[in-house]
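Undergrad: Sending over work-v6.pdb (PDB, C-alpha atoms, pLDDT in the B column).
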```pdb
ATOM      1  CA  MET A   1       0.000   0.000   0.000  1.00 42.00           C
ATOM      2  CA  THR A   2       1.368   3.397  -1.003  1.00 44.00           C
ATOM      3  CA  THR A   3       1.303   6.098   1.620  1.00 41.00           C
ATOM      4  CA  PRO A   4      -0.573   9.175   0.378  1.00 41.00           C
ATOM      5  CA  ARG A   5       1.794  12.011  -0.312  1.00 41.00           C
ATOM      6  CA  ILE A   6       1.213  15.071   1.856  1.00 40.00           C
ATOM      7  CA  GLY A   7       3.234  18.129   1.002  1.00 42.00           C
ATOM      8  CA  LEU A   8       3.319  21.878   1.005  1.00 45.00           C
ATOM      9  CA  ALA A   9       1.855  23.395  -2.126  1.00 46.00           C
ATOM     10  CA  LEU A  10       1.460  26.795  -3.690  1.00 50.00           C
ATOM     11  CA  ILE A  11      -1.578  27.198  -5.925  1.00 53.00           C
ATOM     12  CA  ALA A  12      -1.951  30.078  -8.331  1.00 54.00           C
ATOM     13  CA  LEU A  13      -5.057  30.752 -10.406  1.00 53.00           C
ATOM     14  CA  SER A  14      -4.072  32.803 -13.435  1.00 50.00           C
ATOM     15  CA  LEU A  15      -6.723  35.218 -14.705  1.00 43.00           C
ATOM     16  CA  HIS A  16      -6.866  38.381 -16.764  1.00 37.00           C
ATOM     17  CA  SER A  17      -8.205  40.997 -14.358  1.00 33.00           C
ATOM     18  CA  ALA A  18      -7.294  43.728 -11.877  1.00 30.00           C
ATOM     19  CA  THR A  19      -3.855  44.688 -10.573  1.00 31.00           C
ATOM     20  CA  ALA A  20      -2.972  45.183  -6.929  1.00 34.00           C
ATOM     21  CA  GLY A  21      -0.119  44.793  -4.491  1.00 39.00           C
ATOM     22  CA  LEU A  22       0.505  42.060  -1.967  1.00 45.00           C
ATOM     23  CA  ALA A  23      -0.056  42.691   1.710  1.00 47.00           C
ATOM     24  CA  GLY A  24       1.947  41.471   4.658  1.00 55.00           C
ATOM     25  CA  GLN A  25       5.144  40.631   2.806  1.00 73.00           C
ATOM     26  CA  LYS A  26       8.420  40.410   4.745  1.00 86.00           C
ATOM     27  CA  THR A  27      11.731  41.627   3.333  1.00 92.00           C
ATOM     28  CA  LEU A  28      14.401  38.915   3.608  1.00 94.00           C
ATOM     29  CA  ALA A  29      17.233  40.736   1.819  1.00 95.00           C
ATOM     30  CA  GLY A  30      17.387  44.101   0.139  1.00 95.00           C
ATOM     31  CA  TRP A  31      19.591  46.706  -1.479  1.00 97.00           C
ATOM     32  CA  GLU A  32      18.671  50.374  -1.840  1.00 96.00           C
ATOM     33  CA  PHE A  33      21.028  52.778  -3.563  1.00 96.00           C
ATOM     34  CA  THR A  34      20.663  55.795  -1.317  1.00 93.00           C
ATOM     35  CA  ARG A  35      24.328  56.567  -0.544  1.00 93.00           C
ATOM     36  CA  PRO A  36      26.359  58.256  -3.316  1.00 92.00           C
ATOM     37  CA  ASP A  37      28.896  55.935  -4.989  1.00 89.00           C
ATOM     38  CA  ASP A  38      27.848  52.952  -2.829  1.00 95.00           C
ATOM     39  CA  LEU A  39      26.996  50.072  -5.180  1.00 97.00           C
ATOM     40  CA  GLN A  40      25.874  47.900  -2.225  1.00 96.00           C
ATOM     41  CA  GLY A  41      28.065  45.027  -3.457  1.00 97.00           C
ATOM     42  CA  TRP A  42      26.676  44.978  -7.022  1.00 98.00           C
ATOM     43  CA  GLN A  43      29.532  44.920  -9.530  1.00 97.00           C
ATOM     44  CA  PRO A  44      29.017  46.056 -13.162  1.00 97.00           C
ATOM     45  CA  ASN A  45      30.860  44.411 -16.043  1.00 97.00           C
ATOM     46  CA  GLY A  46      32.480  46.169 -18.986  1.00 97.00           C
ATOM     47  CA  HIS A  47      29.206  46.392 -20.939  1.00 98.00           C
ATOM     48  CA  LEU A  48      27.867  49.026 -18.532  1.00 98.00           C
ATOM     49  CA  ALA A  49      29.190  52.579 -18.729  1.00 98.00           C
ATOM     50  CA  GLY A  50      28.751  55.684 -16.612  1.00 97.00           C
ATOM     51  CA  VAL A  51      27.903  53.669 -13.508  1.00 97.00           C
ATOM     52  CA  VAL A  52      27.150  56.030 -10.647  1.00 97.00           C
ATOM     53  CA  VAL A  53      24.922  56.063  -7.569  1.00 97.00           C
ATOM     54  CA  THR A  54      23.109  59.359  -7.360  1.00 95.00           C
ATOM     55  CA  ASN A  55      19.674  60.681  -6.388  1.00 94.00           C
ATOM     56  CA  GLY A  56      18.672  57.372  -4.801  1.00 95.00           C
ATOM     57  CA  ALA A  57      19.477  55.143  -7.772  1.00 97.00           C
ATOM     58  CA  LEU A  58      22.266  53.197  -9.418  1.00 98.00           C
ATOM     59  CA  CYS A  59      22.418  54.797 -12.863  1.00 98.00           C
ATOM     60  CA  CYS A  60      24.162  53.329 -15.899  1.00 98.00           C
ATOM     61  CA  ARG A  61      24.133  52.993 -19.671  1.00 98.00           C
ATOM     62  CA  ALA A  62      24.337  49.639 -21.493  1.00 98.00           C
ATOM     63  CA  VAL A  63      27.014  49.713 -24.215  1.00 97.00           C
ATOM     64  CA  GLY A  64      27.418  46.034 -25.085  1.00 95.00           C
ATOM     65  CA  SER A  65      25.548  42.830 -25.803  1.00 95.00           C
ATOM     66  CA  ASP A  66      25.790  41.389 -22.280  1.00 95.00           C
ATOM     67  CA  PRO A  67      25.430  44.112 -19.611  1.00 98.00           C
ATOM     68  CA  ILE A  68      25.571  42.590 -16.128  1.00 97.00           C
ATOM     69  CA  LEU A  69      25.286  43.639 -12.498  1.00 98.00           C
ATOM     70  CA  GLU A  70      26.579  40.831 -10.286  1.00 97.00           C
ATOM     71  CA  TYR A  71      26.214  40.732  -6.515  1.00 97.00           C
ATOM     72  CA  GLN A  72      29.735  39.899  -5.347  1.00 95.00           C
ATOM     73  CA  PRO A  73      29.248  38.870  -1.680  1.00 96.00           C
ATOM     74  CA  LEU A  74      27.871  35.378  -1.172  1.00 96.00           C
ATOM     75  CA  LEU A  75      24.371  35.103   0.256  1.00 96.00           C
ATOM     76  CA  ASP A  76      22.987  32.469   2.603  1.00 95.00           C
ATOM     77  CA  LEU A  77      19.257  32.649   1.980  1.00 96.00           C
ATOM     78  CA  PRO A  78      17.017  29.604   2.601  1.00 96.00           C
ATOM     79  CA  ALA A  79      14.949  29.165  -0.577  1.00 95.00           C
ATOM     80  CA  THR A  80      11.180  28.582  -0.479  1.00 91.00           C
ATOM     81  CA  PRO A  81       8.404  28.672  -3.111  1.00 87.00           C
ATOM     82  CA  TRP A  82       6.867  31.709  -1.366  1.00 86.00           C
ATOM     83  CA  GLN A  83       9.667  34.132  -2.098  1.00 91.00           C
ATOM     84  CA  ALA A  84       9.545  36.928  -4.658  1.00 91.00           C
ATOM     85  CA  VAL A  85      12.081  39.392  -5.975  1.00 94.00           C
ATOM     86  CA  GLU A  86      11.048  43.019  -6.423  1.00 94.00           C
ATOM     87  CA  ILE A  87      13.124  45.216  -8.723  1.00 96.00           C
ATOM     88  CA  ARG A  88      12.487  48.958  -8.870  1.00 96.00           C
ATOM     89  CA  LEU A  89      13.748  50.068 -12.256  1.00 97.00           C
ATOM     90  CA  ARG A  90      13.625  52.896 -14.761  1.00 97.00           C
ATOM     91  CA  ALA A  91      14.629  52.522 -18.429  1.00 97.00           C
ATOM     92  CA  ASP A  92      14.469  54.739 -21.508  1.00 97.00           C
ATOM     93  CA  SER A  93      13.715  51.955 -24.024  1.00 97.00           C
ATOM     94  CA  ASP A  94      11.800  48.668 -23.981  1.00 96.00           C
ATOM     95  CA  GLY A  95      13.586  45.376 -23.542  1.00 96.00           C
ATOM     96  CA  THR A  96      13.894  42.128 -21.611  1.00 95.00           C
ATOM     97  CA  ALA A  97      15.885  41.822 -18.391  1.00 96.00           C
ATOM     98  CA  GLU A  98      16.911  38.687 -16.505  1.00 96.00           C
ATOM     99  CA  LEU A  99      17.455  37.789 -12.878  1.00 97.00           C
ATOM    100  CA  PHE A 100      19.961  34.951 -12.426  1.00 97.00           C
ATOM    101  CA  TRP A 101      20.149  33.027  -9.165  1.00 96.00           C
ATOM    102  CA  SER A 102      22.048  30.015  -7.889  1.00 96.00           C
ATOM    103  CA  GLY A 103      22.547  27.789  -4.888  1.00 95.00           C
ATOM    104  CA  ALA A 104      26.190  27.224  -5.858  1.00 93.00           C
ATOM    105  CA  SER A 105      29.197  29.460  -6.413  1.00 92.00           C
ATOM    106  CA  THR A 106      31.321  27.075  -8.485  1.00 90.00           C
ATOM    107  CA  GLY A 107      31.262  26.008 -12.108  1.00 85.00           C
ATOM    108  CA  ARG A 108      31.967  27.564 -15.496  1.00 83.00           C
ATOM    109  CA  TYR A 109      29.962  30.702 -14.757  1.00 86.00           C
ATOM    110  CA  GLY A 110      30.376  30.760 -10.989  1.00 89.00           C
ATOM    111  CA  GLY A 111      27.181  28.801 -10.375  1.00 92.00           C
ATOM    112  CA  PHE A 112      25.006  30.705 -12.856  1.00 95.00           C
ATOM    113  CA  SER A 113      23.249  29.005 -15.776  1.00 94.00           C
ATOM    114  CA  GLN A 114      20.437  29.786 -18.201  1.00 92.00           C
ATOM    115  CA  GLU A 115      18.229  27.228 -16.438  1.00 93.00           C
ATOM    116  CA  LYS A 116      18.307  29.323 -13.261  1.00 95.00           C
ATOM    117  CA  THR A 117      16.912  32.602 -14.476  1.00 94.00           C
ATOM    118  CA  THR A 118      13.681  34.604 -14.468  1.00 93.00           C
ATOM    119  CA  ARG A 119      13.057  36.889 -17.462  1.00 92.00           C
ATOM    120  CA  PHE A 120      10.733  39.884 -17.509  1.00 91.00           C
ATOM    121  CA  ASN A 121       9.746  42.666 -19.899  1.00 91.00           C
ATOM    122  CA  VAL A 122      10.823  46.211 -19.032  1.00 94.00           C
ATOM    123  CA  ARG A 123       8.883  49.332 -19.987  1.00 94.00           C
ATOM    124  CA  GLY A 124      11.067  51.919 -21.666  1.00 96.00           C
ATOM    125  CA  ASP A 125       9.051  55.002 -20.703  1.00 95.00           C
ATOM    126  CA  ASN A 126      11.751  56.446 -18.401  1.00 96.00           C
ATOM    127  CA  GLN A 127       9.357  56.084 -15.448  1.00 95.00           C
ATOM    128  CA  TRP A 128       9.869  54.142 -12.237  1.00 95.00           C
ATOM    129  CA  HIS A 129       8.209  50.714 -12.093  1.00 94.00           C
ATOM    130  CA  THR A 130       8.435  47.881  -9.578  1.00 93.00           C
ATOM    131  CA  TYR A 131       8.751  44.499 -11.290  1.00 92.00           C
ATOM    132  CA  ARG A 132       7.727  41.558  -9.110  1.00 90.00           C
ATOM    133  CA  LEU A 133       9.152  38.147  -9.941  1.00 90.00           C
ATOM    134  CA  LEU A 134       8.348  34.678  -8.621  1.00 89.00           C
ATOM    135  CA  PRO A 135      11.515  32.661  -9.351  1.00 92.00           C
ATOM    136  CA  PHE A 136      10.280  29.390  -7.758  1.00 91.00           C
ATOM    137  CA  TRP A 137      13.901  28.656  -6.853  1.00 95.00           C
ATOM    138  CA  HIS A 138      13.150  26.441  -3.843  1.00 93.00           C
ATOM    139  CA  LYS A 139      14.835  23.335  -5.340  1.00 93.00           C
ATOM    140  CA  GLU A 140      18.168  25.123  -4.827  1.00 95.00           C
ATOM    141  CA  GLY A 141      17.744  24.735  -1.072  1.00 95.00           C
ATOM    142  CA  ARG A 142      19.651  27.956  -0.454  1.00 96.00           C
ATOM    143  CA  ILE A 143      20.392  30.978  -2.626  1.00 97.00           C
ATOM    144  CA  VAL A 144      24.015  32.064  -2.481  1.00 97.00           C
ATOM    145  CA  ARG A 145      24.411  34.109  -5.689  1.00 97.00           C
ATOM    146  CA  LEU A 146      22.391  36.748  -7.586  1.00 98.00           C
ATOM    147  CA  ARG A 147      22.962  38.494 -10.910  1.00 97.00           C
ATOM    148  CA  PHE A 148      20.883  41.076 -12.766  1.00 98.00           C
ATOM    149  CA  ASP A 149      21.252  41.330 -16.551  1.00 98.00           C
ATOM    150  CA  VAL A 150      19.805  44.283 -18.443  1.00 98.00           C
ATOM    151  CA  TYR A 151      19.959  44.867 -22.231  1.00 97.00           C
ATOM    152  CA  ASP A 152      21.969  46.882 -24.705  1.00 97.00           C
ATOM    153  CA  GLY A 153      21.098  50.338 -26.019  1.00 96.00           C
ATOM    154  CA  ALA A 154      19.308  51.725 -22.968  1.00 98.00           C
ATOM    155  CA  ARG A 155      19.897  53.909 -19.932  1.00 98.00           C
ATOM    156  CA  PHE A 156      18.813  52.535 -16.567  1.00 98.00           C
ATOM    157  CA  GLY A 157      18.142  53.678 -13.047  1.00 98.00           C
ATOM    158  CA  LEU A 158      18.039  50.911 -10.437  1.00 98.00           C
ATOM    159  CA  GLY A 159      16.304  52.049  -7.274  1.00 97.00           C
ATOM    160  CA  ALA A 160      16.161  48.823  -5.257  1.00 97.00           C
ATOM    161  CA  ILE A 161      16.276  45.036  -5.329  1.00 97.00           C
ATOM    162  CA  ARG A 162      14.457  43.134  -2.603  1.00 96.00           C
ATOM    163  CA  VAL A 163      13.830  39.479  -1.788  1.00 96.00           C
ATOM    164  CA  VAL A 164      10.494  39.217   0.011  1.00 93.00           C
ATOM    165  CA  ASP A 165       8.385  36.493   1.579  1.00 90.00           C
ATOM    166  CA  VAL A 166       4.854  36.592   0.152  1.00 84.00           C
ATOM    167  CA  ALA A 167       3.345  33.841   2.310  1.00 75.00           C
ATOM    168  CA  SER A 168       0.665  35.702   4.243  1.00 67.00           C
ATOM    169  CA  SER A 169      -0.204  32.901   6.675  1.00 74.00           C
ATOM    170  CA  PRO A 170       0.994  29.505   7.957  1.00 80.00           C
ATOM    171  CA  ALA A 171       0.273  26.400   5.882  1.00 83.00           C
ATOM    172  CA  THR A 172      -3.379  25.417   5.939  1.00 85.00           C
ATOM    173  CA  GLU A 173      -5.039  22.018   5.548  1.00 88.00           C
ATOM    174  CA  ARG A 174      -8.171  23.614   4.112  1.00 87.00           C
ATOM    175  CA  THR A 175      -9.317  22.474   0.680  1.00 87.00           C
ATOM    176  CA  ASP A 176     -12.218  24.864   0.085  1.00 90.00           C
ATOM    177  CA  PHE A 177     -12.262  28.651  -0.197  1.00 91.00           C
ATOM    178  CA  ASP A 178     -15.291  30.923  -0.499  1.00 90.00           C
ATOM    179  CA  PHE A 179     -14.570  34.514  -1.540  1.00 84.00           C
ATOM    180  CA  GLY A 180     -18.073  35.753  -0.786  1.00 82.00           C
ATOM    181  CA  GLN A 181     -17.009  37.544   2.401  1.00 79.00           C
ATOM    182  CA  SER A 182     -13.211  37.725   2.402  1.00 81.00           C
ATOM    183  CA  LEU A 183     -10.035  36.823   0.523  1.00 81.00           C
ATOM    184  CA  GLU A 184      -9.596  33.617   2.562  1.00 85.00           C
ATOM    185  CA  GLY A 185      -5.808  34.113   2.643  1.00 82.00           C
ATOM    186  CA  TRP A 186      -5.463  34.507  -1.122  1.00 83.00           C
ATOM    187  CA  GLN A 187      -3.686  37.498  -2.679  1.00 79.00           C
ATOM    188  CA  TRP A 188      -3.805  39.170  -6.056  1.00 76.00           C
ATOM    189  CA  TRP A 189      -0.445  39.088  -7.822  1.00 76.00           C
ATOM    190  CA  THR A 190       0.654  41.122 -10.819  1.00 74.00           C
ATOM    191  CA  PRO A 191       4.198  41.208 -12.248  1.00 74.00           C
ATOM    192  CA  LEU A 192       4.089  45.009 -12.542  1.00 71.00           C
ATOM    193  CA  ASP A 193       3.045  46.704  -9.293  1.00 64.00           C
ATOM    194  CA  GLU A 194       1.601  50.135  -9.963  1.00 50.00           C
ATOM    195  CA  GLY A 195      -0.397  50.613  -6.784  1.00 41.00           C
ATOM    196  CA  ALA A 196      -3.886  49.706  -7.970  1.00 36.00           C
ATOM    197  CA  ILE A 197      -6.848  49.147  -5.615  1.00 33.00           C
ATOM    198  CA  PRO A 198      -6.336  46.038  -3.437  1.00 38.00           C
ATOM    199  CA  LEU A 199      -8.629  43.097  -4.096  1.00 37.00           C
ATOM    200  CA  GLY A 200      -9.824  43.327  -0.475  1.00 38.00           C
ATOM    201  CA  ALA A 201     -11.733  46.492  -1.336  1.00 36.00           C
ATOM    202  CA  ALA A 202     -14.280  44.357  -3.180  1.00 36.00           C
ATOM    203  CA  PRO A 203     -14.781  40.968  -1.436  1.00 37.00           C
ATOM    204  CA  GLY A 204     -15.937  38.250  -3.777  1.00 41.00           C
ATOM    205  CA  ARG A 205     -15.105  40.217  -6.911  1.00 44.00           C
ATOM    206  CA  ILE A 206     -12.061  41.138  -8.966  1.00 45.00           C
ATOM    207  CA  ALA A 207     -12.819  44.254 -10.968  1.00 43.00           C
ATOM    208  CA  GLY A 208     -10.894  46.175 -13.592  1.00 41.00           C
ATOM    209  CA  CYS A 209      -8.437  45.102 -16.260  1.00 39.00           C
ATOM    210  CA  GLY A 210      -4.879  43.872 -16.580  1.00 50.00           C
ATOM    211  CA  THR A 211      -3.056  40.570 -16.223  1.00 62.00           C
ATOM    212  CA  GLY A 212      -2.219  38.686 -13.069  1.00 71.00           C
ATOM    213  CA  PHE A 213      -3.274  35.807 -10.889  1.00 76.00           C
ATOM    214  CA  LEU A 214      -4.625  34.835  -7.496  1.00 79.00           C
ATOM    215  CA  LEU A 215      -1.937  33.388  -5.244  1.00 81.00           C
ATOM    216  CA  GLY A 216      -3.162  30.886  -2.691  1.00 83.00           C
ATOM    217  CA  PRO A 217      -1.804  30.565   0.854  1.00 83.00           C
ATOM    218  CA  PRO A 218       0.701  27.800   1.673  1.00 84.00           C
ATOM    219  CA  MET A 219      -1.230  24.531   1.758  1.00 85.00           C
ATOM    220  CA  ARG A 220      -0.700  21.101   3.281  1.00 87.00           C
ATOM    221  CA  VAL A 221      -3.006  18.881   1.257  1.00 88.00           C
ATOM    222  CA  ASN A 222      -3.426  15.106   0.986  1.00 88.00           C
ATOM    223  CA  SER A 223      -3.230  14.779  -2.793  1.00 86.00           C
ATOM    224  CA  ALA A 224      -4.459  11.166  -2.770  1.00 90.00           C
ATOM    225  CA  ASN A 225      -7.800  12.191  -1.262  1.00 88.00           C
ATOM    226  CA  ASN A 226      -8.115  15.501  -3.133  1.00 87.00           C
ATOM    227  CA  THR A 227      -7.768  14.634  -6.799  1.00 89.00           C
ATOM    228  CA  PHE A 228      -9.472  17.509  -8.623  1.00 90.00           C
ATOM    229  CA  VAL A 229     -10.089  21.237  -8.306  1.00 91.00           C
ATOM    230  CA  SER A 230     -13.467  22.889  -8.860  1.00 92.00           C
ATOM    231  CA  ILE A 231     -13.663  26.630  -9.605  1.00 90.00           C
ATOM    232  CA  ARG A 232     -16.897  28.620  -9.688  1.00 89.00           C
ATOM    233  CA  MET A 233     -16.615  32.009 -11.347  1.00 85.00           C
ATOM    234  CA  SER A 234     -18.171  34.427 -13.815  1.00 85.00           C
ATOM    235  CA  ALA A 235     -16.581  36.628 -16.477  1.00 83.00           C
ATOM    236  CA  ASP A 236     -17.814  39.343 -18.834  1.00 84.00           C
ATOM    237  CA  ARG A 237     -15.837  37.990 -21.807  1.00 85.00           C
ATOM    238  CA  GLY A 238     -14.159  34.756 -22.779  1.00 85.00           C
ATOM    239  CA  HIS A 239     -10.452  34.082 -22.585  1.00 80.00           C
ATOM    240  CA  TYR A 240      -8.649  31.436 -20.527  1.00 78.00           C
ATOM    241  CA  GLY A 241      -7.570  30.608 -17.022  1.00 80.00           C
ATOM    242  CA  THR A 242      -4.702  28.463 -15.750  1.00 81.00           C
ATOM    243  CA  LEU A 243      -4.419  26.638 -12.438  1.00 85.00           C
TER     244      LEU A 243
END
```
Can the structure in the file be given as structure tokens, please?
TA:
Amino acid sequence: MTTPRIGLALIALSLHSATAGLAGQKTLAGWEFTRPDDLQGWQPNGHLAGVVVTNGALCCRAVGSDPILEYQPLLDLPATPWQAVEIRLRADSDGTAELFWSGASTGRYGGFSQEKTTRFNVRGDNQWHTYRLLPFWHKEGRIVRLRFDVYDGARFGLGAIRVVDVASSPATERTDFDFGQSLEGWQWWTPLDEGAIPLGAAPGRIAGCGTGFLLGPPMRVNSANNTFVSIRMSADRGHYGTL
């Protein structure tokens, strides 16, 4: 007889709806560029020019095909599925940036590889935006290295990088959630946080437009006894959802 597997799970329901920030998150590590000429341990490579910390930001210009900011000190951060990385960034042209992470500091690229990266699109409107990434890096066990790659042909201002814990409550054994009266521990997640109205302002309803998903609380569920998921919802136009 096989013992039913019971484990911690993170469930995300991806919808196309409103944008809002997460509540109750805890900062686990962070770097803010508030002191002139203090790079906070982040080292630029030769494809970044004019690197200077001024007016609360690390400012630079990408002049090559592989512009990199690498955090030189080694970290010792226990990795979980409920961690996110927030990057406050300004750019003057559109492009795609990458966050590299690793649980090792040895190897051809010092522990970094293309398999351990989270990519995201950057708005090139020269305005500040906070990009919020879910790397799902928990299989590393611990995170010891970080690297931030931008893209050529743009000027950047980096205001902050933070690693935050987005688990809002302890693991629950519940298997049913009713949003008629409250959020039931779920949170609305959007990759680009622009300070929209929190979901809690309208219990039981997600209003507005944009792209994001509902992030469930940490769960401890017997998957042998709970073999399907039922979702009851309404929408004003057809598209798709992903569990």
Undergrad: Please indicate the distance in Å from atom CA of Lys26 of chain A to atom CA of Gly41 of chain A, rounded to one decimal place.
TA: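 Between atom CA of Lys26 of chain A and atom CA of Gly41 of chain A the gap is 21.8 Å.
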Undergrad: Write out as a list in words the residues lying within 12 Å of segment 105-111 of chain A, counting only C-alpha atoms and excluding same-chain residues fewer than 5 positions away.
TA: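 Near segment 105-111 of chain A, the qualifying residues are Glu70, Tyr71, Gln72, Pro73, Leu74, Leu75, Asp76, Phe100, Lys116, Thr117, Glu140, Arg142, Ile143, Val144, Arg145, Leu146 and Arg147 of chain A.
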Undergrad: For the residues in the current selection, export C-alpha atoms as a tab-separated table (two decimals), in the coordinates of the input.
TA:
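Saved the output as result_9.tsv:
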```tsv
chain	number	residue	atom	x	y	z
A	70	GLU	CA	26.58	40.83	-10.29
A	71	TYR	CA	26.21	40.73	-6.52
A	72	GLN	CA	29.74	39.90	-5.35
A	73	PRO	CA	29.25	38.87	-1.68
A	74	LEU	CA	27.87	35.38	-1.17
A	75	LEU	CA	24.37	35.10	0.26
A	76	ASP	CA	22.99	32.47	2.60
A	100	PHE	CA	19.96	34.95	-12.43
A	116	LYS	CA	18.31	29.32	-13.26
A	117	THR	CA	16.91	32.60	-14.48
A	140	GLU	CA	18.17	25.12	-4.83
A	142	ARG	CA	19.65	27.96	-0.45
A	143	ILE	CA	20.39	30.98	-2.63
A	144	VAL	CA	24.02	32.06	-2.48
A	145	ARG	CA	24.41	34.11	-5.69
A	146	LEU	CA	22.39	36.75	-7.59
A	147	ARG	CA	22.96	38.49	-10.91
```
Undergrad: Skip Val150 of chain A itself and residues of its chain fewer than 6 positions away, then list as a ChimeraX atom specification all residues within 8 Å of it, counting all atoms listed in the file.
TA: /A:62,66-68,96-98
Undergrad: Please measure the separation of atom CA of Trp82 of chain A and atom CA of Val166 of chain A, giving the value in Å to one decimal.
TA: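 Distance reported for this atom pair: 5.5 Å.
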Undergrad: Of the residues A:Phe156, A:Tyr151, A:Phe33, A:Phe136, which is the one nearest to Gly50 of chain A, using all atoms listed in the file?
TA: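 Comparing A:Phe156, A:Tyr151, A:Phe33, A:Phe136 against Gly50 of chain A, the winner is A:Phe156.
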Undergrad: In the coordinate frame of the file, compute which residues have an atom within 12 Å of (-10.9, 20.0, 2.6) when using all atoms listed in the file, and state them as a list of chain:residue names.
TA: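 Checked against the point, the hits come out as A:Thr172, A:Glu173, A:Arg174, A:Thr175, A:Asp176, A:Phe177, A:Met219, A:Arg220, A:Val221, A:Asn222, A:Ser223, A:Asn225, A:Asn226, A:Thr227, A:Phe228, A:Val229.
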Undergrad: Separation of atom CA of Asn126 of chain A and atom CA of Ser93 of chain A, in Å?
TA: 7.5 Å
Undergrad: Starting from the displayed file, determine the output of the PyMOL selection byres ((chain A and resi 159) around 9) and express the residue list as a ChimeraX atom specification.
TA: /A:31-34,56-59,87-90,128,157-158,160-161
Undergrad: List the residues selected by the PyMOL selection byres ((chain A and resi 48) around 6) in the file shown, writing them as a PyMOL selection string.
TA: chain A and resi 46-47+49+61-63+67
Undergrad: Take the residues that were just selected and, keeping C-alpha atoms, output them as a PDB file, keeping the file's coordinate frame.
TA:
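Just written: result_3.pdb:
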```pdb
ATOM      1  CA  GLY A  46      32.480  46.169 -18.986  1.00 97.00           C
ATOM      2  CA  HIS A  47      29.206  46.392 -20.939  1.00 98.00           C
ATOM      3  CA  ALA A  49      29.190  52.579 -18.729  1.00 98.00           C
ATOM      4  CA  ARG A  61      24.133  52.993 -19.671  1.00 98.00           C
ATOM      5  CA  ALA A  62      24.337  49.639 -21.493  1.00 98.00           C
ATOM      6  CA  VAL A  63      27.014  49.713 -24.215  1.00 97.00           C
ATOM      7  CA  PRO A  67      25.430  44.112 -19.611  1.00 98.00           C
TER       8      PRO A  67
END
```
Undergrad: Using the chain letters and residue numbers of this document, give as a ChimeraX atom specification the residues selected by the PyMOL selection byres ((chain A and resi 188) around 6).
TA: /A:187,189,213-214
